[in-house]
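A quick write-up on the structure given underneath.
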Amino acid sequence: MAQQEPEERIELTSETRRILEETDLRPLWEVEDTMGHVYDELEANIWKWDDIKQAIDHVEEDMPIEELPPGFQRRVAVPINTGMQNAISNTIYVGVQTVSPGETAPSHRHGANALRFTIDGSEDMKTVVAGEEFPMENNDLITTPQWEWHDHVNDSDQTAMWLDVLDLPLILDSLNSSNVFENHELERQPVTKTQGYWDSQYGHARPAAESNDGGIPGPFEGTREPTPPYRFGWTETLETLRQRAENNNPDPYDGYSLAYVNPTTGQEPLFPTMSFRAQLLTEATEAHFHNATEVFFVIEGAGTTHVDDETLEWDQWDIFVVPPDKPHRHEPENDEAILLGMTDRPVFEAFNFYAESAADQ
């Protein structure tokens, strides 16, 4: 009897398939087959957390990680934008990943830049990157640099969920290139660093007269400083954000905004292809537009974003996208809301092509 290919063993129930189709979500292992194509114009869109949660819960019930195809052993629901087939935009990929209690998402590495933003985690849920275990507590942001081994280990008794963000569509679709990829020979990479090691190397005091050992960013070379493995703890980030709100004036378009910087340089962008910021909104912002794509994840609160003539009403953990060149403004519902902003602006800036302007209200 011929052995079945891993893809042939995957079989979602009709109920799960219905939920995925109705909520414009697709499992990662199906999205992969459509990479490498050009799609229609990007549109403003929103994915409500209740829909995402219902879909990912059904996928988790149907599909243990170990039954997924090698190389795609990640249980992820991927928001698919109108006109696209594989991602939320043609430059940024966002997915919601889960790991059940006791599961491990096996170790691999790739050329794409990636990060994890924890939605529902704990100190017993860890992403292991470049030999160090990084706890995934709520709202922590953890980088996965190019060509560094990474696996996700859930030693807690609750399912963990987080946001995956990568520049896959930029590489595979817009640049029509390939994502160099390799699976580790072990399910879990060896833990070779003490917890806090990478943070200690990129604080205010740094190793003196020490050259790069070639561990970051692997075989890739460019004109930018590589991004190291790093955990931005939410407690510290939120404190800095509130200190800024108490002592500074808000930006008219983004409110009180903090950039996640490259720890090597202390400057934006976090990755050469993507920039990230935490935004505290305490009042309505003014309208503006730019030629970069922006994706938002609602960390806390509720509100509305007006994109041209469209109104996107959002609540905690919703995901929405603002297309290039569309005038937009945010309105928090009550006293405040906090957003995670994601943008491909660095790509445009690298070519001196970024542009933005205020818009008529």
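Every chain in the structure tokens has a letter given in the order shown (A, B, ...), and although residue numbers restart at 1 in each chain, ligands are simply numbered from 1 in the order shown.
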May I have a table of the residues of stretch 231-286 of chain A lying at most 10 Å from stretch 112-121 of chain A, giving each one's closest pair of atoms and their distance in Å to one decimal, counting only C-alpha atoms, ordered by chain and ascending residue number, as JSON lines?
{"residue": "A:Arg231", "atom": "CA", "partner": "A:Arg116", "partner_atom": "CA", "distance": 9.5}
{"residue": "A:Phe232", "atom": "CA", "partner": "A:Phe117", "partner_atom": "CA", "distance": 9.5}
{"residue": "A:Trp234", "atom": "CA", "partner": "A:Thr118", "partner_atom": "CA", "distance": 9.6}
{"residue": "A:Leu270", "atom": "CA", "partner": "A:Asn113", "partner_atom": "CA", "distance": 9.9}
{"residue": "A:Phe271", "atom": "CA", "partner": "A:Asn113", "partner_atom": "CA", "distance": 7.0}
{"residue": "A:Pro272", "atom": "CA", "partner": "A:Asn113", "partner_atom": "CA", "distance": 8.7}
{"residue": "A:Thr273", "atom": "CA", "partner": "A:Asn113", "partner_atom": "CA", "distance": 8.0}
{"residue": "A:Met274", "atom": "CA", "partner": "A:Asn113", "partner_atom": "CA", "distance": 8.5}
Please report, as a Markdown table, each residue of stretch 24-48 of chain A lying at most 10 Å from stretch 93-107 of chain A, together with the nearest pair of atoms and the separation in Å rounded to one decimal; use only C-alpha atoms, and order rows by chain and ascending residue number.
| residue | atom | partner | partner_atom | distance |
| --- | --- | --- | --- | --- |
| A:Leu25 | CA | A:Gly95 | CA | 9.4 |
| A:Arg26 | CA | A:Gly95 | CA | 9.6 |
| A:Pro27 | CA | A:Gly95 | CA | 9.2 |
| A:Leu28 | CA | A:Gly95 | CA | 8.2 |
| Between atom CA of A:Asp251 and atom CA of A:Thr265 - distance in Å to one decimal |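 Separation between atom CA of A:Thr265 and atom CA of A:Asp251: 23.6 Å.
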| From the set A:Phe320, A:Trp29, A:Phe220, A:Tyr256, which residue has the shortest atom-to-atom contact distance to A:Pro79, counting only C-alpha atoms? |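 Checking each of A:Phe320, A:Trp29, A:Phe220, A:Tyr256 against A:Pro79, counting only C-alpha atoms, the winner is A:Phe320.
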| A:Asp344 surroundings by only C-alpha atoms, 10 Å radius, close-in-sequence under 6 positions cut, as a ChimeraX atom specification | /A:89-92,167,170,269,271-276,291-295,354
Keeping only C-alpha atoms, write the selected residues as a compact mmCIF listing (two decimals), in the first residue's frame.
# COMPACT_ATOMS: atom_id res chain seq x y z
CA SER A 89 -1.48 42.51 2.03
CA ASN A 90 1.11 42.06 -0.72
CA THR A 91 3.99 42.93 1.64
CA ILE A 92 2.94 41.83 5.15
CA ASP A 167 7.47 39.83 5.25
CA LEU A 170 7.05 40.99 -0.11
CA PRO A 269 12.98 50.10 11.75
CA PHE A 271 13.39 44.95 10.52
CA PRO A 272 14.65 46.38 7.22
CA THR A 273 11.27 45.55 5.65
CA MET A 274 8.78 46.26 8.45
CA SER A 275 8.29 48.79 11.24
CA PHE A 276 6.17 48.38 14.39
CA ASN A 291 1.76 55.17 0.13
CA ALA A 292 2.64 52.47 2.68
CA THR A 293 0.34 49.70 3.86
CA GLU A 294 -0.63 49.69 7.55
CA VAL A 295 -1.99 46.73 9.52
CA TYR A 354 7.80 57.09 0.91
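Near A:Thr16, within a cut-off of 9 Å and counting only C-alpha atoms, sit the residues Leu12, Leu20, Glu21, Gln54, Ala55, Ile56, His58, Val59 and Asp62 of chain A, with same-chain residues fewer than 4 positions away left out.
Residues in contact with A:Phe297 at 7 Å, where only C-alpha atoms are counted and same-chain residues fewer than 6 positions away are skipped, are listed as Trp317, Asp318, Ile319, Phe320, Leu339, Leu340 and Gly341 of chain A.
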Same residues, C-alpha atoms, output as a tab-separated table (two decimals), in the first residue's frame:
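Result saved to part32.tsv:
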chain	number	residue	atom	x	y	z
A	317	TRP	CA	-7.90	41.68	19.44
A	318	ASP	CA	-9.50	42.58	16.11
A	319	ILE	CA	-7.17	42.91	13.10
A	320	PHE	CA	-7.66	45.48	10.33
A	339	LEU	CA	-3.08	49.57	18.91
A	340	LEU	CA	-0.14	47.63	17.53
A	341	GLY	CA	0.70	49.31	14.23
Got a sec: who's within 12 Å of A:Val298, counting only C-alpha atoms, leaving out chain neighbours fewer than 6 positions off, as a compact mmCIF listing (two decimals) with N, CA, C and O atoms, in the first residue's frame?
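Full text of part-v5.txt as output:
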# COMPACT_ATOMS: atom_id res chain seq x y z
N ILE A 46 -11.46 44.25 7.83
CA ILE A 46 -11.32 43.98 9.26
C ILE A 46 -11.71 42.54 9.53
O ILE A 46 -12.62 41.98 8.91
N TRP A 47 -10.98 41.92 10.47
CA TRP A 47 -11.27 40.56 10.92
C TRP A 47 -11.59 40.64 12.40
O TRP A 47 -10.74 41.04 13.22
N LYS A 48 -12.81 40.27 12.76
CA LYS A 48 -13.27 40.36 14.14
C LYS A 48 -12.72 39.18 14.94
O LYS A 48 -12.69 38.04 14.47
N TRP A 49 -12.33 39.47 16.19
CA TRP A 49 -11.71 38.44 17.00
C TRP A 49 -12.64 37.26 17.26
O TRP A 49 -12.19 36.11 17.27
N PHE A 117 3.70 38.42 18.48
CA PHE A 117 3.08 39.30 19.46
C PHE A 117 2.05 38.49 20.21
O PHE A 117 1.06 38.02 19.64
N ILE A 119 -0.93 37.11 22.21
CA ILE A 119 -2.31 37.46 22.49
C ILE A 119 -2.75 36.87 23.83
O ILE A 119 -3.30 37.56 24.68
N ASN A 139 0.96 40.33 25.39
CA ASN A 139 1.40 41.55 24.71
C ASN A 139 2.92 41.69 24.58
O ASN A 139 3.40 42.74 24.16
N LEU A 163 0.18 36.47 17.57
CA LEU A 163 0.18 37.01 16.22
C LEU A 163 1.53 36.71 15.58
O LEU A 163 2.58 37.02 16.16
N ALA A 278 3.66 50.85 19.12
CA ALA A 278 2.52 50.80 20.04
C ALA A 278 1.91 52.18 20.07
O ALA A 278 2.62 53.17 20.26
N GLN A 279 0.59 52.28 19.87
CA GLN A 279 -0.09 53.57 19.79
C GLN A 279 -1.16 53.67 20.86
O GLN A 279 -2.08 52.84 20.91
N LEU A 280 -1.04 54.68 21.70
CA LEU A 280 -2.06 54.98 22.70
C LEU A 280 -2.92 56.12 22.17
O LEU A 280 -2.43 57.22 21.93
N LEU A 281 -4.20 55.84 21.97
CA LEU A 281 -5.14 56.84 21.47
C LEU A 281 -6.03 57.32 22.62
O LEU A 281 -6.72 56.51 23.25
N THR A 304 -13.13 53.22 16.29
CA THR A 304 -13.49 53.23 14.87
C THR A 304 -12.34 53.83 14.08
O THR A 304 -11.71 54.80 14.52
N THR A 305 -12.08 53.25 12.92
CA THR A 305 -11.14 53.84 11.97
C THR A 305 -11.89 54.12 10.67
O THR A 305 -12.53 53.23 10.11
N GLU A 313 -15.25 49.33 12.53
CA GLU A 313 -15.48 49.36 13.98
C GLU A 313 -14.74 48.20 14.63
O GLU A 313 -14.98 47.04 14.29
N TRP A 314 -13.84 48.52 15.56
CA TRP A 314 -12.98 47.49 16.12
C TRP A 314 -13.08 47.41 17.64
O TRP A 314 -13.42 48.35 18.32
N ASP A 315 -12.78 46.18 18.12
CA ASP A 315 -12.73 45.87 19.55
C ASP A 315 -11.42 45.15 19.83
O ASP A 315 -10.63 44.89 18.93
N GLN A 316 -11.21 44.79 21.10
CA GLN A 316 -9.96 44.14 21.49
C GLN A 316 -9.69 42.90 20.66
O GLN A 316 -10.56 42.07 20.44
N TRP A 317 -8.46 42.80 20.16
CA TRP A 317 -7.90 41.68 19.44
C TRP A 317 -8.38 41.57 17.99
O TRP A 317 -8.05 40.61 17.29
N ASP A 318 -9.16 42.54 17.53
CA ASP A 318 -9.50 42.58 16.11
C ASP A 318 -8.26 42.95 15.30
O ASP A 318 -7.31 43.57 15.81
N ILE A 319 -8.26 42.60 14.03
CA ILE A 319 -7.17 42.91 13.10
C ILE A 319 -7.77 43.67 11.92
O ILE A 319 -8.80 43.25 11.38
N PHE A 320 -7.16 44.78 11.51
CA PHE A 320 -7.66 45.48 10.33
C PHE A 320 -6.51 46.07 9.52
O PHE A 320 -5.38 46.20 10.02
N VAL A 321 -6.79 46.39 8.27
CA VAL A 321 -5.76 46.86 7.35
C VAL A 321 -6.21 48.14 6.68
O VAL A 321 -7.38 48.30 6.32
N HIS A 330 -8.39 57.68 13.25
CA HIS A 330 -8.84 56.78 14.32
C HIS A 330 -9.66 57.54 15.35
O HIS A 330 -9.38 58.71 15.65
N PRO A 332 -10.94 56.55 19.26
CA PRO A 332 -11.17 55.61 20.36
C PRO A 332 -12.57 55.79 20.92
O PRO A 332 -13.12 56.89 20.92
N GLU A 336 -9.61 55.66 26.12
CA GLU A 336 -8.38 55.33 25.41
C GLU A 336 -8.48 53.97 24.74
O GLU A 336 -9.34 53.15 25.07
N ALA A 337 -7.57 53.76 23.79
CA ALA A 337 -7.39 52.46 23.14
C ALA A 337 -5.92 52.35 22.78
O ALA A 337 -5.23 53.35 22.59
N ILE A 338 -5.42 51.10 22.71
CA ILE A 338 -4.02 50.87 22.36
C ILE A 338 -3.97 49.93 21.16
O ILE A 338 -4.58 48.85 21.17
N LEU A 339 -3.23 50.34 20.14
CA LEU A 339 -3.08 49.57 18.91
C LEU A 339 -1.63 49.15 18.71
O LEU A 339 -0.71 49.87 19.11
N LEU A 340 -1.43 48.00 18.08
CA LEU A 340 -0.14 47.63 17.53
C LEU A 340 -0.19 47.98 16.05
O LEU A 340 -1.00 47.42 15.31
N GLY A 341 0.65 48.91 15.63
CA GLY A 341 0.70 49.31 14.23
C GLY A 341 1.85 48.63 13.52
O GLY A 341 2.97 48.56 14.04
N MET A 342 1.59 48.12 12.32
CA MET A 342 2.58 47.42 11.51
C MET A 342 2.58 48.02 10.11
O MET A 342 1.51 48.23 9.54
| task | Would you return as a VMD selection string the members of stretch 293-349 of chain A that DSSP assigns to alpha helix (DSSP H) on this structure's backbone? | result | chain A and resid 345 to 349
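Comparing the minimum interatomic distances between A:Arg188 and each of A:Val128, A:Ile19, A:Ile142, A:Met136, counting only C-alpha atoms, we find that A:Val128 sits nearest.
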| query | Taking into account only C-alpha atoms, which residue in the set A:Pro69, A:Pro263, A:Gly255, A:Gly222 is nearest to A:Ile10? | reply |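 Among A:Pro69, A:Pro263, A:Gly255, A:Gly222, it is A:Pro69 that comes nearest to A:Ile10.
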| task | Enter the distance from atom CA of A:Ala350 to atom CA of A:Phe296, in Å, rounded to one decimal. | result |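 That distance, rounded to one decimal, is 22.3 Å.
Restricting the calculation to only C-alpha atoms, the smallest distance between A:Phe289 and any of A:Asp360, A:Glu185, A:Asp309, A:Glu225 is found for A:Asp360.
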| task | Between A:Asp335, A:Leu175, A:Thr194, A:Asn183, single out the one closest to A:Ala284, counting only C-alpha atoms. | result |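 Among A:Asp335, A:Leu175, A:Thr194, A:Asn183, it is A:Asp335 that comes nearest to A:Ala284.
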